[in-house]
Every structure is written in structure tokens, then in C-alpha cells.
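K.L.:
Quick one: the structure is below, and I'll ask about it shortly.
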Amino acid sequence: MSSPYPHSPYPAYPYQQPGAPYPLVAGPGCEVCGALPAAPVTVRGHQGMVVLMRFLRRRGTLCRPCALAVFRQTQRDTLIRGWWGPLSVVITPVTLLVNLGALARIRKLPAPVTAAWRPPLDPGRPLLRRPAVLLPLAVLAALVIAVPVLLAAGGSDEPSRVRFQPRKNTEPLSVGACAHNDREWPHQDLRNVPCDSPDAQYLVTEQHNGYCADGDYYAYLQYSANGATPLCLHPVRKEPTPPADAVRD
Ligand SMILES: [Zn+2]
């Protein structure tokens with residue numbers, strides 16, 4: 001704004017404190033209530049509408065309580081109506097954060113010192129004490145926490161977890177004996193077990209003419225005595241284990 005006296009050596013607002021955080025408006029005061037001091041305030045809002053979206057901006061010369069009321073109302077509306085769209089999910093938190101800069105400036109405004117022509121707007125309760133605001137914030141916080149957890153869980157999915165687990169059993173298998181796999185196929189962690197043991201899953205045999213029989217599995221090379229020829233694992237049909245009493249009798 002220019003000085004009312006074009007050639008005056010004095011600044012337009014002689015009452016302005018040097019270094020004041022906000023240029024205090026000496027003129028008409030708050031647009032809503034008329035109180036002084038007032039300052040230009042801009043608060044942004046966002047509304048997502050699935051495909052469409054709306055950018056809102058509330059701007060005016062406001063006193064502290066009126067500015068705080070506009071800020072809280074706009075933040076509340078954005079928190080509740082902002083998220084509903086793929087881009088809006090990103091725009092809404094940015095809008096909310098940008099408004100914190102406006103809030104910092106509003107907080108530096110002193111309380112009104114002059115009489116107003118009408119009561120100022122009611123700022124209401126702080127946003128963090130309103131259930132309508134806390135719910136979306138809680139959902140947002142849950143998402144912020146849940147996404148990395150889910151990603152971490154997805155990263156430790158069964159195959160990769162098994163792949164990076166060191167094998168417990170590296171001893172060669174005995175031909176004619178039985179073996180048990182401590183992992184799920186196709187991963188192998190094979191160990192020798194007696195064939196009469198309930199753990200026996202495969203009969204260990206050698207290849208015939210370079211092949212294992214149909215239905216057999218091939219053991220990794222490390223499980224053969226020479227380390228070069230894979231052994232065959234023939235699935236052992238498990239008979240149902242009789243009750244312990246019957247065994248004793
Ligand atoms: Zn006001």
C-alpha cells in the first residue's frame with residue numbers, strides 16, 4: 001500500500017513496530033469484526049471429489065480470533081473432506097502443513113485492543129480436541145504406521161525368508177536310509193532319519209541310468225556322498241501311527 005502522502009519521508013504506517021512479525025493494518029481493521037490489530041491472512045483448503053478436486057483459499061484482513069477461527073474451520077474441513085481422491089491423498093497433507101505457516105503468523109498477532117463493531121468469530125476448540133478431526137487423523141496415523149509394516153511383512157514373505165535362511169543340515173544322505181525335509185518344497189533342508197521313524201518322508205536311492213523314478217524328487221548335490229550326482233528321494237507312504245497303548249501291547 002502506498003503512503004497517503006506521496007512525497008512524505010515517513011513510511012505509510014508510522015505505528016508499525018520495526019521487526020514486527022506481521023504488518024499491522026492501521027486502516028479498517030478486521031474485515032469480520034472491525035477490531036484492531038488485524039493483518040492479511042491466507043488459509044488454504046482442499047476438497048477431494050474422487051475424480052475432481054477443489055482448491056480453496058480464504059484470504060482476508062483479520063484480527064487474531066477471527067483468523068484463528070478461519071484457520072481452524074478450513075483445517076477441519078480439509079481434514080474431513082480433503083482425502084477423497086488419488087491426488088487429493090497427497091495434496092491434503094501438503095495443504096495442512098502449508099497452513100501451519102499461516103497459523104504461526106496468526107499466533108504472532110496480538111489480541112484485539114480496540115472495540116469491535118461486532119463480536120469476533122469464535123475459534124472454537126483446538127482441532128486436536130475435536131472428535132470429528134481426531135478420527136481422520138487416527139486413520140491417517142494408522143495408515144502411516146500400517147504401510148511400512150505391511151511392506152516389511154510383504155518383504156519377509158515365505159519364499160524369501162526361506163531363501164535366506166541358512167540350512168541346518170548339510171550332512172550327506174545315506175543311500176537306502178530315509179530322509180526328512182525340515183523345509184517346504186521346493187526348498188531343501190534334508191537330514192537322515194531312521195526309516196521306522198515317524199519323521200521319515202523319503203527313501204534315499206541312487207539314480208538309475210541317470211534318472212530318478214517318476215514321482216521322486218532330486219536332492220541337492222550337497223546331499224550326495226560325492227557331491228556330484230544327485231540322490232533320489234522316493235516319497236514314503238506314511239501309515240497312520242497306531243495309538244501308544246497298542247504299541248505297548
Ligand atoms: Zn475479527
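Chain lettering (A, B, ...) mirrors the order of the C-alpha cells, residue numbering begins at 1 for each chain separately, and ligand numbering begins at 1 in order of display.
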Name all residues at most 8 Å from Ala179 of chain A (count only C-alpha atoms; drop same-chain ones fewer than 2 positions away) and give them as a ChimeraX atom specification.

P.N.:
/A:173,177,181,190-195,199-204,233

K.L.:
Find the residues near Glu31 of chain A: any atom within 10 Å, counting only C-alpha atoms, skip ones fewer than 6 places away on the same chain, and give them as a short mmCIF file (atom, residue, chain, number, x, y, z; two decimals) with all heavy atoms, in the first residue's frame.

P.N.:
data_model
loop_
_atom_site.label_atom_id
_atom_site.label_comp_id
_atom_site.auth_asym_id
_atom_site.auth_seq_id
_atom_site.Cartn_x
_atom_site.Cartn_y
_atom_site.Cartn_z
N ALA A 38 -5.22 -6.01 13.00
CA ALA A 38 -5.60 -7.05 12.05
C ALA A 38 -4.50 -7.16 11.02
O ALA A 38 -3.72 -6.22 10.85
CB ALA A 38 -6.93 -6.72 11.40
N ALA A 39 -4.42 -8.28 10.37
CA ALA A 39 -3.36 -8.50 9.39
C ALA A 39 -3.89 -9.36 8.26
O ALA A 39 -4.84 -10.13 8.46
CB ALA A 39 -2.17 -9.19 10.06
N PRO A 40 -3.28 -9.26 7.07
CA PRO A 40 -3.71 -10.13 5.98
C PRO A 40 -3.38 -11.59 6.29
O PRO A 40 -2.26 -11.91 6.69
CB PRO A 40 -2.93 -9.62 4.76
CG PRO A 40 -1.88 -8.74 5.28
CD PRO A 40 -2.23 -8.32 6.66
N GLY A 60 -8.08 -12.70 3.83
CA GLY A 60 -8.73 -11.50 4.35
C GLY A 60 -7.86 -10.84 5.38
O GLY A 60 -6.85 -11.40 5.83
N THR A 61 -8.24 -9.63 5.72
CA THR A 61 -7.57 -8.91 6.80
C THR A 61 -8.34 -9.21 8.08
O THR A 61 -9.53 -8.88 8.18
CB THR A 61 -7.56 -7.41 6.50
OG1 THR A 61 -6.86 -7.21 5.27
CG2 THR A 61 -6.86 -6.64 7.60
N LEU A 62 -7.68 -9.90 8.97
CA LEU A 62 -8.42 -10.45 10.12
C LEU A 62 -7.69 -10.18 11.42
O LEU A 62 -6.45 -10.08 11.46
CB LEU A 62 -8.59 -11.97 9.96
CG LEU A 62 -9.35 -12.42 8.71
CD1 LEU A 62 -9.22 -13.92 8.56
CD2 LEU A 62 -10.81 -11.99 8.78
N CYS A 63 -8.47 -10.06 12.48
CA CYS A 63 -7.88 -10.00 13.81
C CYS A 63 -7.54 -11.42 14.26
O CYS A 63 -7.88 -12.39 13.59
CB CYS A 63 -8.86 -9.33 14.78
SG CYS A 63 -10.30 -10.36 15.13
N CYS A 66 -10.59 -13.96 14.80
CA CYS A 66 -11.26 -14.27 13.53
C CYS A 66 -10.34 -15.11 12.64
O CYS A 66 -10.78 -16.06 11.99
CB CYS A 66 -11.66 -12.99 12.82
SG CYS A 66 -12.98 -12.09 13.65
N PRO A 120 -16.06 -10.99 17.52
CA PRO A 120 -15.23 -11.73 16.57
C PRO A 120 -15.76 -13.16 16.40
O PRO A 120 -16.58 -13.63 17.19
CB PRO A 120 -13.85 -11.73 17.22
CG PRO A 120 -14.12 -11.54 18.67
CD PRO A 120 -15.37 -10.72 18.77
#

K.L.:
May I have a table of the residues of chain A lying at most 10 Å from ligand 1, giving each one's closest pair of atoms and their distance in Å to one decimal, counting only C-alpha atoms and all ligand atoms, ordered by chain and ascending residue number, as a Markdown table?

P.N.:
| residue | atom | partner | partner_atom_place_in_ligand_line | distance |
| --- | --- | --- | --- | --- |
| A:Gly29 | CA | ligand 1 | 1 (Zn) | 7.8 |
| A:Cys30 | CA | ligand 1 | 1 (Zn) | 4.6 |
| A:Glu31 | CA | ligand 1 | 1 (Zn) | 6.5 |
| A:Val32 | CA | ligand 1 | 1 (Zn) | 4.9 |
| A:Cys33 | CA | ligand 1 | 1 (Zn) | 4.1 |
| A:Gly34 | CA | ligand 1 | 1 (Zn) | 5.9 |
| A:Ala35 | CA | ligand 1 | 1 (Zn) | 5.5 |
| A:Leu36 | CA | ligand 1 | 1 (Zn) | 7.9 |
| A:Pro37 | CA | ligand 1 | 1 (Zn) | 8.9 |
| A:Ala38 | CA | ligand 1 | 1 (Zn) | 7.4 |
| A:Ala39 | CA | ligand 1 | 1 (Zn) | 10.0 |
| A:Thr61 | CA | ligand 1 | 1 (Zn) | 8.5 |
| A:Leu62 | CA | ligand 1 | 1 (Zn) | 5.3 |
| A:Cys63 | CA | ligand 1 | 1 (Zn) | 4.3 |
| A:Arg64 | CA | ligand 1 | 1 (Zn) | 6.7 |
| A:Pro65 | CA | ligand 1 | 1 (Zn) | 6.1 |
| A:Cys66 | CA | ligand 1 | 1 (Zn) | 4.3 |
| A:Ala67 | CA | ligand 1 | 1 (Zn) | 7.1 |
| A:Leu68 | CA | ligand 1 | 1 (Zn) | 9.4 |
| A:Ala69 | CA | ligand 1 | 1 (Zn) | 9.3 |
| A:Ala111 | CA | ligand 1 | 1 (Zn) | 9.8 |
| A:Pro112 | CA | ligand 1 | 1 (Zn) | 8.0 |
| A:Ala116 | CA | ligand 1 | 1 (Zn) | 7.6 |
| A:Trp117 | CA | ligand 1 | 1 (Zn) | 9.4 |
| A:Arg118 | CA | ligand 1 | 1 (Zn) | 8.3 |
| A:Pro119 | CA | ligand 1 | 1 (Zn) | 7.4 |
| A:Pro120 | CA | ligand 1 | 1 (Zn) | 4.5 |
| A:Leu121 | CA | ligand 1 | 1 (Zn) | 6.4 |
| A:Asp122 | CA | ligand 1 | 1 (Zn) | 9.4 |

K.L.:
Could you save the residues just selected, with C-alpha atoms, as a PDB file, in the first residue's frame?

P.N.:
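Saved to again.pdb:
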ATOM      1  CA  GLY A  29      -9.290  -3.357  10.992  1.00  0.00           C
ATOM      2  CA  CYS A  30     -10.660  -6.907  10.895  1.00  0.00           C
ATOM      3  CA  GLU A  31     -12.954  -7.498   7.941  1.00  0.00           C
ATOM      4  CA  VAL A  32     -15.274  -9.545  10.096  1.00  0.00           C
ATOM      5  CA  CYS A  33     -15.482  -7.662  13.377  1.00  0.00           C
ATOM      6  CA  GLY A  34     -13.575  -4.408  12.839  1.00  0.00           C
ATOM      7  CA  ALA A  35     -11.158  -4.985  15.721  1.00  0.00           C
ATOM      8  CA  LEU A  36      -7.534  -3.886  15.640  1.00  0.00           C
ATOM      9  CA  PRO A  37      -4.885  -5.033  15.152  1.00  0.00           C
ATOM     10  CA  ALA A  38      -5.599  -7.055  12.054  1.00  0.00           C
ATOM     11  CA  ALA A  39      -3.360  -8.497   9.390  1.00  0.00           C
ATOM     12  CA  THR A  61      -7.568  -8.909   6.803  1.00  0.00           C
ATOM     13  CA  LEU A  62      -8.416 -10.452  10.119  1.00  0.00           C
ATOM     14  CA  CYS A  63      -7.883  -9.998  13.812  1.00  0.00           C
ATOM     15  CA  ARG A  64      -6.410 -12.822  15.832  1.00  0.00           C
ATOM     16  CA  PRO A  65      -9.624 -14.600  16.959  1.00  0.00           C
ATOM     17  CA  CYS A  66     -11.260 -14.272  13.533  1.00  0.00           C
ATOM     18  CA  ALA A  67      -8.093 -15.523  11.785  1.00  0.00           C
ATOM     19  CA  LEU A  68      -7.850 -18.440  14.208  1.00  0.00           C
ATOM     20  CA  ALA A  69     -11.494 -19.298  13.574  1.00  0.00           C
ATOM     21  CA  ALA A 111      -5.156  -9.957  20.777  1.00  0.00           C
ATOM     22  CA  PRO A 112      -7.503  -7.158  19.657  1.00  0.00           C
ATOM     23  CA  ALA A 116     -15.160  -4.119  17.501  1.00  0.00           C
ATOM     24  CA  TRP A 117     -18.492  -3.393  15.827  1.00  0.00           C
ATOM     25  CA  ARG A 118     -19.498  -6.998  16.282  1.00  0.00           C
ATOM     26  CA  PRO A 119     -18.141  -9.957  18.230  1.00  0.00           C
ATOM     27  CA  PRO A 120     -15.234 -11.734  16.567  1.00  0.00           C
ATOM     28  CA  LEU A 121     -15.647 -15.220  15.149  1.00  0.00           C
ATOM     29  CA  ASP A 122     -15.443 -17.996  17.699  1.00  0.00           C
TER      30      ASP A 122
END

K.L.:
Here is a test: counting only C-alpha atoms, which residue of A:Ala219, A:Val144, A:Leu151, A:Ile91 is nearest to Pro186 of chain A?

P.N.:
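Using only C-alpha atoms, Pro186 of chain A sits closest to A:Ala219.
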
K.L.:
If you run DSSP over the backbone, which residues in segment 77-182 of chain A end up strand (DSSP E or B)? Put them as a list in words.

P.N.:
Cys178, Ala179, His180 and Asn181 of chain A

K.L.:
Now that the selection is made, can you save its residues with all heavy atoms as a PDB file, in the first residue's frame?

P.N.:
ATOM      1  N   CYS A 178      16.419 -93.271   5.185  1.00  0.00           N
ATOM      2  CA  CYS A 178      15.327 -92.343   4.916  1.00  0.00           C
ATOM      3  C   CYS A 178      15.758 -90.929   5.278  1.00  0.00           C
ATOM      4  O   CYS A 178      16.741 -90.716   5.985  1.00  0.00           O
ATOM      5  CB  CYS A 178      14.077 -92.747   5.685  1.00  0.00           C
ATOM      6  SG  CYS A 178      13.307 -94.211   4.948  1.00  0.00           S
ATOM      7  N   ALA A 179      14.982 -89.987   4.763  1.00  0.00           N
ATOM      8  CA  ALA A 179      15.322 -88.571   4.978  1.00  0.00           C
ATOM      9  C   ALA A 179      14.068 -87.796   5.342  1.00  0.00           C
ATOM     10  O   ALA A 179      12.946 -88.213   5.029  1.00  0.00           O
ATOM     11  CB  ALA A 179      15.957 -87.980   3.725  1.00  0.00           C
ATOM     12  N   HIS A 180      14.317 -86.680   5.987  1.00  0.00           N
ATOM     13  CA  HIS A 180      13.224 -85.776   6.341  1.00  0.00           C
ATOM     14  C   HIS A 180      13.621 -84.371   5.876  1.00  0.00           C
ATOM     15  O   HIS A 180      14.771 -83.961   6.025  1.00  0.00           O
ATOM     16  CB  HIS A 180      12.997 -85.775   7.857  1.00  0.00           C
ATOM     17  CG  HIS A 180      11.915 -84.825   8.283  1.00  0.00           C
ATOM     18  ND1 HIS A 180      10.593 -85.194   8.294  1.00  0.00           N
ATOM     19  CD2 HIS A 180      11.968 -83.525   8.674  1.00  0.00           C
ATOM     20  CE1 HIS A 180       9.870 -84.156   8.694  1.00  0.00           C
ATOM     21  NE2 HIS A 180      10.682 -83.141   8.931  1.00  0.00           N
ATOM     22  N   ASN A 181      12.666 -83.663   5.295  1.00  0.00           N
ATOM     23  CA  ASN A 181      12.916 -82.280   4.862  1.00  0.00           C
ATOM     24  C   ASN A 181      12.381 -81.334   5.931  1.00  0.00           C
ATOM     25  O   ASN A 181      11.191 -81.340   6.236  1.00  0.00           O
ATOM     26  CB  ASN A 181      12.219 -82.020   3.518  1.00  0.00           C
ATOM     27  CG  ASN A 181      12.617 -80.674   2.935  1.00  0.00           C
ATOM     28  OD1 ASN A 181      13.547 -80.036   3.423  1.00  0.00           O
ATOM     29  ND2 ASN A 181      11.924 -80.264   1.888  1.00  0.00           N
TER      30      ASN A 181
END

K.L.:
Kindly indicate which residue among A:Val89, A:Ile80, A:Ile106, A:Ala213 lies nearest to Leu143 of chain A, using only C-alpha atoms for the distances.

P.N.:
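Selected residue with least distance to Leu143 of chain A: A:Val89.
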
K.L.:
Residues within 10 Å of Gln47 of chain A, please, as an MDAnalysis selection string. Count only C-alpha atoms; anything in the same chain fewer than 2 positions from it doesn't count.

P.N.:
chainID A and resid 45 49:50 52:56 77:85 88 91:92

K.L.:
Just the helix (DSSP H, G or I) stuff from segment 27-99 of chain A, please, per backbone DSSP, written as a PyMOL selection string.

P.N.:
chain A and resi 64-81+88-99

K.L.:
Quick one: residues within 10 Å of Tyr223 of chain A, only C-alpha atoms, excluding same-chain residues fewer than 4 positions away - as a list in words?

P.N.:
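Skipping anything fewer than 4 positions along the chain leaves Asn169, Thr170, Glu171, Pro172, Leu173, Ser174, Gln188, Asp189, Leu190, Arg191, Tyr218, Ala219, Gly227, Ala228, Thr229, Pro230 and Leu231 of chain A.
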